[in-house]
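First the structure, in the form of structure tokens, and then the observations on it.
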Amino acid sequence: MKTLLHHHRDLCERAVDPLEIAAGLEAHGLTDRTAARYRHRDVFALAEELYARVPPRTRAPAAGPTTGSVPVPGPDADARAAWTLLALLPGAACLATAGVLRVTEGVLGDGTRALVTVVGAVLACLALRACLARGPLRAPEGAGRAGMYGCWLLSYAVYGEELLAQVMTGGPDGPWDGTPAPLLGLAAAVAPAAWCAHLFTVHAQRRLAGSRALEEFGAGVRPLLLASVTLFLGALLPLLLLADLGLGGSGTPVAAACLGVLFFVARLLAAHGLPEPGTAALAAACAVEAGAPALVLAARLPGLEPLAQPVNALVSTGGTGAVSALACGGAAVGLLLHAAFALSRASAHTRS
């Protein structure tokens with residue numbers, strides 16, 4: 001026990017509560033089975049003894065009164081209102097741009113309309129960046145190259161289906177029309193995403209404060225994660241349908257819904273200090289979307305015709321949107337399975 005205390009002295013001295021030590025031990029790979037070798041029933045009991053062995057004079061002062069458990073941080077109403085307002089801005093910017101383009105249809109020239117679109121896109125990007133810089137969607141360790149992959153996926157959501165359709169019919173033949181409805185729906189869904197992430201974080205930390213074993217905590221967090229994703233999907237689908245209806249579309253936003261869930265789970269992991277899995281999932285979805293037209297183009301070379309068969313079969317079954325749905329849906333399911341394991345660790349909730 002003295003050796004273990006010496007090895008984790010910095011952690012034990014910084015901790016303001018035994019649960020903080022338990023999360024740190026878990027992050028270093030200690031499990032309930034390891035705690036049994038020290039004659040403790042679980043990591044929580046081991047953390048309590050380590051906390052008790054640290055002299056009070058060397059322990060970091062607590063930020064506030066403690067009651068034997070980690071206080072659940074709850075942002076006040078002003079803070080919630082601030083990040084909620086920021087989360088509404090991306091959707092507002094996209095909606096305003098779409099409204100201006102609809103009202104000025106046939107009045108402004110193509111060049112002016114393109115300028116309005118660019119200005120609206122820049123404002124939406126700035127609003128999204130401000131939203132991701134604070135609140136429950138903030139990633140304390142950054143999101144790596146996720147932004148680059150996200151831009152690709154959003155661009156494909158707008159232009160990808162038309163591009164693939166032209167490639168499959170012998171093109172591309174020139175400029176192709178975009179479908180901005182997915183972009184508008186996803187931008188409007190940033191606010192529900194922020195609130196779903198907030199609810200998951202708050203309830204998970206409450207579960208952590210009331211748990212006495214790592215397995216108990218993990219078993220309680222997994223349903224919370226599934227409920228948060230389901231709640232977000234329930235808010236996302238109507239927004240996508242309304243955006244599609246308002247912009248004159250007639251498609252079913254399956255691909256956009258898969259992309260929205262992928263973005264949400266990736267950002268939820270990044271907000272809890274785990275950006276790498278989300279970045280990898282976004283990159284995988286980009287690779288599939290880029291690979292589909294590449295295979296069709298490569299199949300034009302002599303002897304390589306079979307390369308296009310998987311894409312042809314997929315498109316003939318579900319249309320050009322099936323490629324994006326498969327890419328984003330598969331990545332979202334895989335990432336969600338990983339998140340069910342990663343976010344059930346106590347250490348993931350002490351960094352958020």
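In the structure tokens, chains take letters A, B, ... by order of appearance, with residues numbered from 1 within each chain and ligands from 1 in the order shown.
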Quiz item: Can you tell me, as a list in words, what residues are no more than 10 Å from Ala342 in chain A when counting only C-alpha atoms, ignoring any on the same chain fewer than 3 positions away?
Solution: Gly218, Arg222, Leu269, His272, Leu274, Pro277, Leu336, Leu337, His338, Ala339, Arg345, Ala346, Ser347 and Ala348 of chain A
Self-check item: Shell of 9 Å around range 186-201 of chain A, only C-alpha atoms, local chain residues under 4 positions omitted, as number ranges by chain
Solution: A: 83-95, 124, 128, 131, 135-137, 181-182, 205-206, 221, 224-225, 227-229, 231-232, 235-236, 239-240, 256-257, 259-260, 264, 267-268, 271-272, 349, 352
Rows by chain and residue number, range 151-259 of chain A within 10 Å of range 282-297 of chain A, shortest pair, only C-alpha atoms, as a Markdown table:
| residue | atom | partner | partner_atom | distance |
| --- | --- | --- | --- | --- |
| A:Cys151 | CA | A:Cys286 | CA | 9.9 |
| A:Trp152 | CA | A:Cys286 | CA | 6.9 |
| A:Leu153 | CA | A:Cys286 | CA | 6.4 |
| A:Tyr156 | CA | A:Glu289 | CA | 7.7 |
| A:Ala157 | CA | A:Glu289 | CA | 9.9 |
| A:Gly160 | CA | A:Glu289 | CA | 8.2 |
| A:Glu161 | CA | A:Glu289 | CA | 10.0 |
| A:Leu163 | CA | A:Pro293 | CA | 8.1 |
| A:Leu164 | CA | A:Pro293 | CA | 5.8 |
| A:Ala165 | CA | A:Pro293 | CA | 9.1 |
| A:Gln166 | CA | A:Pro293 | CA | 9.5 |
| A:Val167 | CA | A:Pro293 | CA | 6.6 |
| A:Met168 | CA | A:Val296 | CA | 6.6 |
| A:Thr169 | CA | A:Val296 | CA | 9.8 |
| A:Gly170 | CA | A:Leu297 | CA | 8.8 |
| A:Gly171 | CA | A:Leu297 | CA | 9.1 |
| A:Pro172 | CA | A:Leu297 | CA | 9.8 |
| A:Leu259 | CA | A:Ala285 | CA | 9.1 |
Those selected residues, please, written with all heavy atoms and delivered as a short mmCIF file (atom, residue, chain, number, x, y, z; two decimals), in the first residue's frame.
data_model
loop_
_atom_site.label_atom_id
_atom_site.label_comp_id
_atom_site.auth_asym_id
_atom_site.auth_seq_id
_atom_site.Cartn_x
_atom_site.Cartn_y
_atom_site.Cartn_z
N CYS A 151 -15.78 19.26 -42.26
CA CYS A 151 -16.04 20.11 -43.42
C CYS A 151 -16.28 19.27 -44.67
O CYS A 151 -17.16 19.57 -45.49
CB CYS A 151 -14.88 21.08 -43.64
SG CYS A 151 -14.76 22.38 -42.40
N TRP A 152 -15.47 18.21 -44.81
CA TRP A 152 -15.67 17.32 -45.96
C TRP A 152 -17.06 16.68 -45.91
O TRP A 152 -17.78 16.66 -46.91
CB TRP A 152 -14.59 16.24 -45.99
CG TRP A 152 -14.95 15.10 -46.92
CD1 TRP A 152 -15.72 14.02 -46.64
CD2 TRP A 152 -14.60 15.00 -48.30
NE1 TRP A 152 -15.86 13.22 -47.75
CE2 TRP A 152 -15.20 13.80 -48.79
CE3 TRP A 152 -13.86 15.79 -49.17
CZ2 TRP A 152 -15.04 13.38 -50.10
CZ3 TRP A 152 -13.71 15.36 -50.49
CH2 TRP A 152 -14.30 14.18 -50.94
N LEU A 153 -17.44 16.17 -44.75
CA LEU A 153 -18.72 15.48 -44.63
C LEU A 153 -19.89 16.43 -44.88
O LEU A 153 -20.89 16.05 -45.51
CB LEU A 153 -18.84 14.85 -43.24
CG LEU A 153 -17.86 13.69 -42.98
CD1 LEU A 153 -17.91 13.28 -41.51
CD2 LEU A 153 -18.19 12.49 -43.87
N TYR A 156 -20.04 17.09 -48.61
CA TYR A 156 -20.61 15.95 -49.32
C TYR A 156 -22.12 15.89 -49.11
O TYR A 156 -22.87 15.51 -50.01
CB TYR A 156 -19.96 14.65 -48.86
CG TYR A 156 -20.29 13.47 -49.74
CD1 TYR A 156 -19.47 13.12 -50.82
CD2 TYR A 156 -21.44 12.72 -49.52
CE1 TYR A 156 -19.79 12.04 -51.63
CE2 TYR A 156 -21.76 11.65 -50.34
CZ TYR A 156 -20.93 11.31 -51.39
OH TYR A 156 -21.25 10.25 -52.20
N ALA A 157 -22.58 16.25 -47.90
CA ALA A 157 -24.02 16.25 -47.64
C ALA A 157 -24.75 17.23 -48.55
O ALA A 157 -25.91 17.00 -48.92
CB ALA A 157 -24.28 16.60 -46.18
N GLY A 160 -22.58 16.04 -52.55
CA GLY A 160 -22.08 14.71 -52.87
C GLY A 160 -23.01 13.87 -53.72
O GLY A 160 -22.56 13.17 -54.64
N GLU A 161 -24.31 13.90 -53.43
CA GLU A 161 -25.23 13.05 -54.18
C GLU A 161 -25.28 13.43 -55.65
O GLU A 161 -25.29 12.56 -56.52
CB GLU A 161 -26.62 13.12 -53.54
CG GLU A 161 -26.70 12.49 -52.16
CD GLU A 161 -28.13 12.40 -51.66
OE1 GLU A 161 -29.04 12.27 -52.49
OE2 GLU A 161 -28.33 12.46 -50.43
N LEU A 163 -22.93 14.98 -57.33
CA LEU A 163 -21.64 14.63 -57.92
C LEU A 163 -21.59 13.15 -58.26
O LEU A 163 -21.18 12.76 -59.37
CB LEU A 163 -20.51 14.98 -56.94
CG LEU A 163 -19.12 14.46 -57.30
CD1 LEU A 163 -18.63 15.07 -58.61
CD2 LEU A 163 -18.13 14.74 -56.18
N LEU A 164 -22.01 12.30 -57.34
CA LEU A 164 -21.98 10.86 -57.59
C LEU A 164 -22.91 10.49 -58.74
O LEU A 164 -22.59 9.62 -59.56
CB LEU A 164 -22.38 10.11 -56.32
CG LEU A 164 -22.33 8.59 -56.38
CD1 LEU A 164 -20.92 8.11 -56.72
CD2 LEU A 164 -22.79 7.98 -55.06
N ALA A 165 -24.07 11.15 -58.80
CA ALA A 165 -25.01 10.87 -59.90
C ALA A 165 -24.39 11.21 -61.25
O ALA A 165 -24.53 10.46 -62.23
CB ALA A 165 -26.30 11.64 -59.69
N GLN A 166 -23.68 12.34 -61.32
CA GLN A 166 -23.03 12.71 -62.57
C GLN A 166 -21.89 11.76 -62.92
O GLN A 166 -21.71 11.39 -64.09
CB GLN A 166 -22.52 14.14 -62.49
CG GLN A 166 -23.60 15.20 -62.50
CD GLN A 166 -23.04 16.59 -62.73
OE1 GLN A 166 -21.90 16.76 -63.15
NE2 GLN A 166 -23.85 17.62 -62.46
N VAL A 167 -21.12 11.35 -61.92
CA VAL A 167 -20.02 10.43 -62.17
C VAL A 167 -20.54 9.10 -62.71
O VAL A 167 -19.96 8.49 -63.61
CB VAL A 167 -19.19 10.23 -60.89
CG1 VAL A 167 -18.21 9.08 -61.05
CG2 VAL A 167 -18.44 11.51 -60.55
N MET A 168 -21.66 8.64 -62.18
CA MET A 168 -22.20 7.35 -62.58
C MET A 168 -22.84 7.39 -63.97
O MET A 168 -23.08 6.34 -64.57
CB MET A 168 -23.21 6.86 -61.55
CG MET A 168 -22.61 6.57 -60.19
SD MET A 168 -23.75 5.76 -59.08
CE MET A 168 -23.95 4.18 -59.86
N THR A 169 -23.13 8.58 -64.47
CA THR A 169 -23.71 8.72 -65.81
C THR A 169 -22.71 9.23 -66.83
O THR A 169 -23.09 9.78 -67.87
CB THR A 169 -24.94 9.64 -65.77
OG1 THR A 169 -24.55 10.91 -65.21
CG2 THR A 169 -26.04 9.03 -64.93
N GLY A 170 -21.42 9.09 -66.52
CA GLY A 170 -20.39 9.46 -67.48
C GLY A 170 -19.71 10.77 -67.21
O GLY A 170 -18.77 11.13 -67.93
N GLY A 171 -20.15 11.52 -66.21
CA GLY A 171 -19.56 12.82 -65.90
C GLY A 171 -18.34 12.69 -65.02
O GLY A 171 -17.66 11.66 -65.02
N PRO A 172 -18.01 13.73 -64.28
CA PRO A 172 -18.84 14.93 -64.06
C PRO A 172 -18.88 15.86 -65.26
O PRO A 172 -17.90 15.99 -65.98
CB PRO A 172 -18.17 15.61 -62.86
CG PRO A 172 -16.75 15.14 -62.90
CD PRO A 172 -16.78 13.75 -63.46
N LEU A 259 -25.32 11.36 -40.26
CA LEU A 259 -24.22 12.31 -40.08
C LEU A 259 -24.38 13.08 -38.79
O LEU A 259 -23.40 13.32 -38.06
CB LEU A 259 -24.17 13.26 -41.28
CG LEU A 259 -23.12 14.37 -41.23
CD1 LEU A 259 -21.71 13.78 -41.09
CD2 LEU A 259 -23.21 15.25 -42.47
#
Practice problem: Just the helix (DSSP H, G or I) stuff from range 74-125 of chain A, please, per backbone DSSP, written as a ChimeraX atom specification. | Solution: /A:77-103,110-125
Exercise. Enter the distance from CA of Thr279 in chain A to CA of Gly330 in chain A, in Å, rounded to one decimal.
Key: 14.4 Å
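Among A:Pro275, A:Ala270, A:Gly220, A:Pro180, the residue with the shortest atom-to-atom distance to Ala243 in chain A, counting only C-alpha atoms, is A:Pro180.
For Leu237 in chain A, the non-local neighbours within 8 Å, defined as residues at least 4 positions apart in the same chain or in other chains and counting only C-alpha atoms, are A:Leu233, A:Leu241, A:Pro253, A:Ala257.
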Generate a file of the selected residues that holds N, CA, C and O atoms, formatted as a PDB file, in the first residue's frame.
ATOM      1  N   LEU A 233     -31.503  12.281 -31.502  1.00  0.00           N
ATOM      2  CA  LEU A 233     -32.050  11.840 -32.780  1.00  0.00           C
ATOM      3  C   LEU A 233     -33.514  12.237 -32.907  1.00  0.00           C
ATOM      4  O   LEU A 233     -33.978  12.621 -33.993  1.00  0.00           O
ATOM      5  N   LEU A 241     -36.445  17.181 -41.413  1.00  0.00           N
ATOM      6  CA  LEU A 241     -37.654  17.118 -42.246  1.00  0.00           C
ATOM      7  C   LEU A 241     -38.211  18.509 -42.531  1.00  0.00           C
ATOM      8  O   LEU A 241     -38.626  18.810 -43.663  1.00  0.00           O
ATOM      9  N   PRO A 253     -34.282  12.262 -45.088  1.00  0.00           N
ATOM     10  CA  PRO A 253     -32.943  12.660 -44.626  1.00  0.00           C
ATOM     11  C   PRO A 253     -32.235  11.575 -43.816  1.00  0.00           C
ATOM     12  O   PRO A 253     -31.769  11.828 -42.716  1.00  0.00           O
ATOM     13  N   ALA A 257     -29.328  12.351 -41.063  1.00  0.00           N
ATOM     14  CA  ALA A 257     -29.547  11.926 -39.681  1.00  0.00           C
ATOM     15  C   ALA A 257     -28.365  11.101 -39.186  1.00  0.00           C
ATOM     16  O   ALA A 257     -27.913  11.266 -38.042  1.00  0.00           O
TER      17      ALA A 257
END
Practice problem: For CA of Ala96 in chain A and CA of Leu108 in chain A, determine how far apart the two atoms are, in Å to one decimal place. | Solution: 16.1 Å
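Interatomic distance, CA of Ala280 in chain A against CA of Val265 in chain A: 12.3 Å.
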